[in-house]
Structure formats: C-alpha cells, structure tokens
Amino acid sequence: MDRPEPGWHGAVGLVTGLLDGTDCRPEHCAAYLCGPEVMMRATARDLLRRGVPADRIRVSPERNMRCATAWCGHCQLGPVLVCRDGPVFGWDHAEDLLSTPER
C-alpha cells in the first residue's frame, strides 16, 4: 500500500482509484499519461469507461531507448519505434501497441 512521506497532505494511491475523486467531464477532458505501461493501460481503460474519447487520451510509453535514432530497434513496440514514431501516441493507436509485452 502506498504511504505518504511525512508532511505530504496530497492524494496517495493508484491513479485509477484517484480518478473517482475528480470532476471528469468527458466532453471537456484530455488525458496525458506516462509511467509504467500497466498503469497507462488501466488508466486509459478507466477513462474510456467514463466516456473520454480514445483520441483525447495520449500515452508516452517509456520503452528504454539506446540510440534514439531508430537504428538499434531497442525501443520497438510492435511495428513502431518509439524514438522515431513517438514518443507520444493517441490511445486509439496505442491500445494495440501496449498489448505487446516489454522484454
């Protein structure tokens, strides 16, 4: 379980649990997600259930990059290279990409 540092008075917990405390109006919402892929998947799916359109959800996969010039292929995510084709993708495109397990 997450515990706040001494003196921290802000929210603590899983992002999907913290969404319950927000005033998310889908027609006025855009989301930008970064972090572990499992967290981005869960958060994006939760936002979709709340009515946020997939094209208004953006994710930034944190695949490890080595060359950052699309030569080494280390950041390959399905058919894309994150360093060349991203690093930010709309969920309408990224949902299939993030079903590819990281090695």
# chains A, B, ... in the order shown; residues from 1 in each chain; ligands from 1
call {"tool": "residues_around", "arguments": {"residues": "A:Pro61", "least_positions_apart": "4", "cutoff": "8 Å", "atoms": "only C-alpha atoms", "output": "mmCIF file with C-alpha atoms, in the first residue's frame"}}
result
data_model
loop_
_atom_site.group_PDB
_atom_site.id
_atom_site.type_symbol
_atom_site.label_atom_id
_atom_site.label_comp_id
_atom_site.auth_asym_id
_atom_site.auth_seq_id
_atom_site.Cartn_x
_atom_site.Cartn_y
_atom_site.Cartn_z
ATOM 1 C CA CYS A 34 3.135 8.416 -18.722
ATOM 2 C CA GLY A 35 4.570 5.816 -16.418
ATOM 3 C CA PRO A 36 4.521 2.049 -16.283
ATOM 4 C CA GLU A 37 2.623 0.507 -19.186
ATOM 5 C CA VAL A 82 9.110 4.769 -30.026
ATOM 6 C CA PRO A 87 7.186 9.084 -28.111
ATOM 7 C CA VAL A 88 3.563 10.185 -27.627
#
call {"tool": "select_by_dssp", "arguments": {"residues": "chain A", "states": "strand (DSSP E)", "output": "PyMOL selection string"}}
result
chain A and resi 31-34+57-60+76-77+80-81+89-90
call {"tool": "write_last_selection", "arguments": {"atoms": "N, CA, C and O atoms", "output": "mmCIF file, in the first residue's frame"}}
result
data_model
loop_
_atom_site.group_PDB
_atom_site.id
_atom_site.type_symbol
_atom_site.label_atom_id
_atom_site.label_comp_id
_atom_site.auth_asym_id
_atom_site.auth_seq_id
_atom_site.Cartn_x
_atom_site.Cartn_y
_atom_site.Cartn_z
ATOM 1 N N ALA A 31 -6.459 13.621 -21.618
ATOM 2 C CA ALA A 31 -5.563 12.986 -20.657
ATOM 3 C C ALA A 31 -4.221 12.707 -21.310
ATOM 4 O O ALA A 31 -4.157 12.279 -22.464
ATOM 5 N N TYR A 32 -3.159 12.972 -20.567
ATOM 6 C CA TYR A 32 -1.801 12.691 -20.997
ATOM 7 C C TYR A 32 -1.192 11.771 -19.948
ATOM 8 O O TYR A 32 -1.028 12.171 -18.795
ATOM 9 N N LEU A 33 -0.865 10.546 -20.343
ATOM 10 C CA LEU A 33 -0.415 9.534 -19.403
ATOM 11 C C LEU A 33 1.022 9.125 -19.678
ATOM 12 O O LEU A 33 1.406 8.920 -20.827
ATOM 13 N N CYS A 34 1.797 8.989 -18.619
ATOM 14 C CA CYS A 34 3.135 8.416 -18.722
ATOM 15 C C CYS A 34 3.338 7.575 -17.477
ATOM 16 O O CYS A 34 2.631 7.714 -16.488
ATOM 17 N N ILE A 57 -7.040 10.745 -25.399
ATOM 18 C CA ILE A 57 -6.147 10.144 -24.406
ATOM 19 C C ILE A 57 -4.810 9.915 -25.103
ATOM 20 O O ILE A 57 -4.736 9.260 -26.132
ATOM 21 N N ARG A 58 -3.744 10.479 -24.543
ATOM 22 C CA ARG A 58 -2.397 10.354 -25.111
ATOM 23 C C ARG A 58 -1.514 9.621 -24.112
ATOM 24 O O ARG A 58 -1.602 9.862 -22.903
ATOM 25 N N VAL A 59 -0.684 8.738 -24.622
ATOM 26 C CA VAL A 59 0.231 7.999 -23.759
ATOM 27 C C VAL A 59 1.655 8.146 -24.271
ATOM 28 O O VAL A 59 1.886 8.321 -25.467
ATOM 29 N N SER A 60 2.597 8.090 -23.349
ATOM 30 C CA SER A 60 4.017 8.165 -23.686
ATOM 31 C C SER A 60 4.700 6.916 -23.134
ATOM 32 O O SER A 60 5.083 6.877 -21.959
ATOM 33 N N GLN A 76 11.586 -0.802 -29.890
ATOM 34 C CA GLN A 76 10.499 -1.277 -30.742
ATOM 35 C C GLN A 76 9.295 -1.679 -29.910
ATOM 36 O O GLN A 76 9.406 -2.350 -28.894
ATOM 37 N N LEU A 77 8.150 -1.238 -30.355
ATOM 38 C CA LEU A 77 6.874 -1.524 -29.705
ATOM 39 C C LEU A 77 5.943 -1.978 -30.819
ATOM 40 O O LEU A 77 5.406 -1.156 -31.565
ATOM 41 N N VAL A 80 6.198 -0.203 -34.410
ATOM 42 C CA VAL A 80 6.760 1.150 -34.354
ATOM 43 C C VAL A 80 8.035 1.182 -33.520
ATOM 44 O O VAL A 80 8.279 0.312 -32.685
ATOM 45 N N LEU A 81 8.830 2.197 -33.783
ATOM 46 C CA LEU A 81 9.980 2.508 -32.944
ATOM 47 C C LEU A 81 9.604 3.766 -32.171
ATOM 48 O O LEU A 81 9.313 4.805 -32.768
ATOM 49 N N PHE A 89 1.660 8.817 -28.254
ATOM 50 C CA PHE A 89 0.702 8.204 -29.158
ATOM 51 C C PHE A 89 -0.707 8.406 -28.618
ATOM 52 O O PHE A 89 -0.916 8.390 -27.407
ATOM 53 N N GLY A 90 -1.667 8.561 -29.495
ATOM 54 C CA GLY A 90 -3.067 8.571 -29.084
ATOM 55 C C GLY A 90 -3.482 7.163 -28.687
ATOM 56 O O GLY A 90 -3.000 6.178 -29.262
#
call {"tool": "residues_around", "arguments": {"residues": "A:Cys72", "least_positions_apart": "5", "cutoff": "12 Å", "atoms": "only C-alpha atoms", "output": "list in words"}}
result
Asn64, Met65, Arg66, Cys67, Leu81, Val82, Cys83 and Arg84 of chain A
call {"tool": "atom_distance", "arguments": {"atom1": "atom CA of A:Gly51", "atom2": "atom CA of A:His28"}}
result
10.7 Å
call {"tool": "residues_around", "arguments": {"residues": "stretch 38-50 of chain A", "least_positions_apart": "2", "cutoff": "12 Å", "atoms": "only C-alpha atoms", "output": "number ranges by chain"}}
result
A: 13-20, 22-27, 29-36, 52-62, 89-92, 94-102
call {"tool": "write_last_selection", "arguments": {"atoms": "C-alpha atoms", "output": "PDB file, in the first residue's frame"}}
result
ATOM      1  CA  GLY A  13      -2.904   5.765  -4.211  1.00  0.00           C
ATOM      2  CA  LEU A  14      -3.466   4.115  -7.567  1.00  0.00           C
ATOM      3  CA  VAL A  15      -4.271   6.556 -10.343  1.00  0.00           C
ATOM      4  CA  THR A  16      -7.453   4.700 -11.238  1.00  0.00           C
ATOM      5  CA  GLY A  17      -8.657   4.998  -7.644  1.00  0.00           C
ATOM      6  CA  LEU A  18      -7.833   8.698  -7.558  1.00  0.00           C
ATOM      7  CA  LEU A  19      -9.928   9.317 -10.684  1.00  0.00           C
ATOM      8  CA  ASP A  20     -13.057   8.728  -8.600  1.00  0.00           C
ATOM      9  CA  THR A  22     -12.129  14.088  -9.949  1.00  0.00           C
ATOM     10  CA  ASP A  23     -14.763  16.073 -11.786  1.00  0.00           C
ATOM     11  CA  CYS A  24     -14.087  14.424 -15.144  1.00  0.00           C
ATOM     12  CA  ARG A  25     -16.470  15.735 -17.758  1.00  0.00           C
ATOM     13  CA  PRO A  26     -15.621  13.717 -20.885  1.00  0.00           C
ATOM     14  CA  GLU A  27     -16.618  16.475 -23.300  1.00  0.00           C
ATOM     15  CA  CYS A  29     -11.347  16.208 -20.866  1.00  0.00           C
ATOM     16  CA  ALA A  30      -7.991  15.330 -22.383  1.00  0.00           C
ATOM     17  CA  ALA A  31      -5.563  12.986 -20.657  1.00  0.00           C
ATOM     18  CA  TYR A  32      -1.801  12.691 -20.997  1.00  0.00           C
ATOM     19  CA  LEU A  33      -0.415   9.534 -19.403  1.00  0.00           C
ATOM     20  CA  CYS A  34       3.135   8.416 -18.722  1.00  0.00           C
ATOM     21  CA  GLY A  35       4.570   5.816 -16.418  1.00  0.00           C
ATOM     22  CA  PRO A  36       4.521   2.049 -16.283  1.00  0.00           C
ATOM     23  CA  VAL A  52     -13.417  10.130 -22.628  1.00  0.00           C
ATOM     24  CA  PRO A  53     -12.868   9.507 -26.364  1.00  0.00           C
ATOM     25  CA  ALA A  54      -9.812   7.402 -27.243  1.00  0.00           C
ATOM     26  CA  ASP A  55      -8.411  10.164 -29.460  1.00  0.00           C
ATOM     27  CA  ARG A  56      -8.305  12.522 -26.438  1.00  0.00           C
ATOM     28  CA  ILE A  57      -6.147  10.144 -24.406  1.00  0.00           C
ATOM     29  CA  ARG A  58      -2.397  10.354 -25.111  1.00  0.00           C
ATOM     30  CA  VAL A  59       0.231   7.999 -23.759  1.00  0.00           C
ATOM     31  CA  SER A  60       4.017   8.165 -23.686  1.00  0.00           C
ATOM     32  CA  PRO A  61       5.470   4.646 -23.498  1.00  0.00           C
ATOM     33  CA  GLU A  62       8.680   4.561 -21.526  1.00  0.00           C
ATOM     34  CA  PHE A  89       0.702   8.204 -29.158  1.00  0.00           C
ATOM     35  CA  GLY A  90      -3.067   8.571 -29.084  1.00  0.00           C
ATOM     36  CA  TRP A  91      -4.792   5.735 -27.230  1.00  0.00           C
ATOM     37  CA  ASP A  92      -6.768   4.978 -30.394  1.00  0.00           C
ATOM     38  CA  ALA A  94      -1.527   2.848 -28.679  1.00  0.00           C
ATOM     39  CA  GLU A  95      -4.018   0.358 -27.238  1.00  0.00           C
ATOM     40  CA  ASP A  96      -2.860  -2.380 -29.598  1.00  0.00           C
ATOM     41  CA  LEU A  97       0.787  -1.343 -29.215  1.00  0.00           C
ATOM     42  CA  LEU A  98       0.707  -1.584 -25.434  1.00  0.00           C
ATOM     43  CA  SER A  99      -0.579  -5.120 -25.573  1.00  0.00           C
ATOM     44  CA  THR A 100       2.984  -6.052 -26.668  1.00  0.00           C
ATOM     45  CA  PRO A 101       4.907  -7.206 -23.581  1.00  0.00           C
ATOM     46  CA  GLU A 102       8.115  -5.357 -22.754  1.00  0.00           C
TER      47      GLU A 102
END
call {"tool": "select_by_dssp", "arguments": {"residues": "chain A", "states": "alpha helix (DSSP H)", "output": "PyMOL selection string"}}
result
chain A and resi 15-18+37-49+82-85+91-97
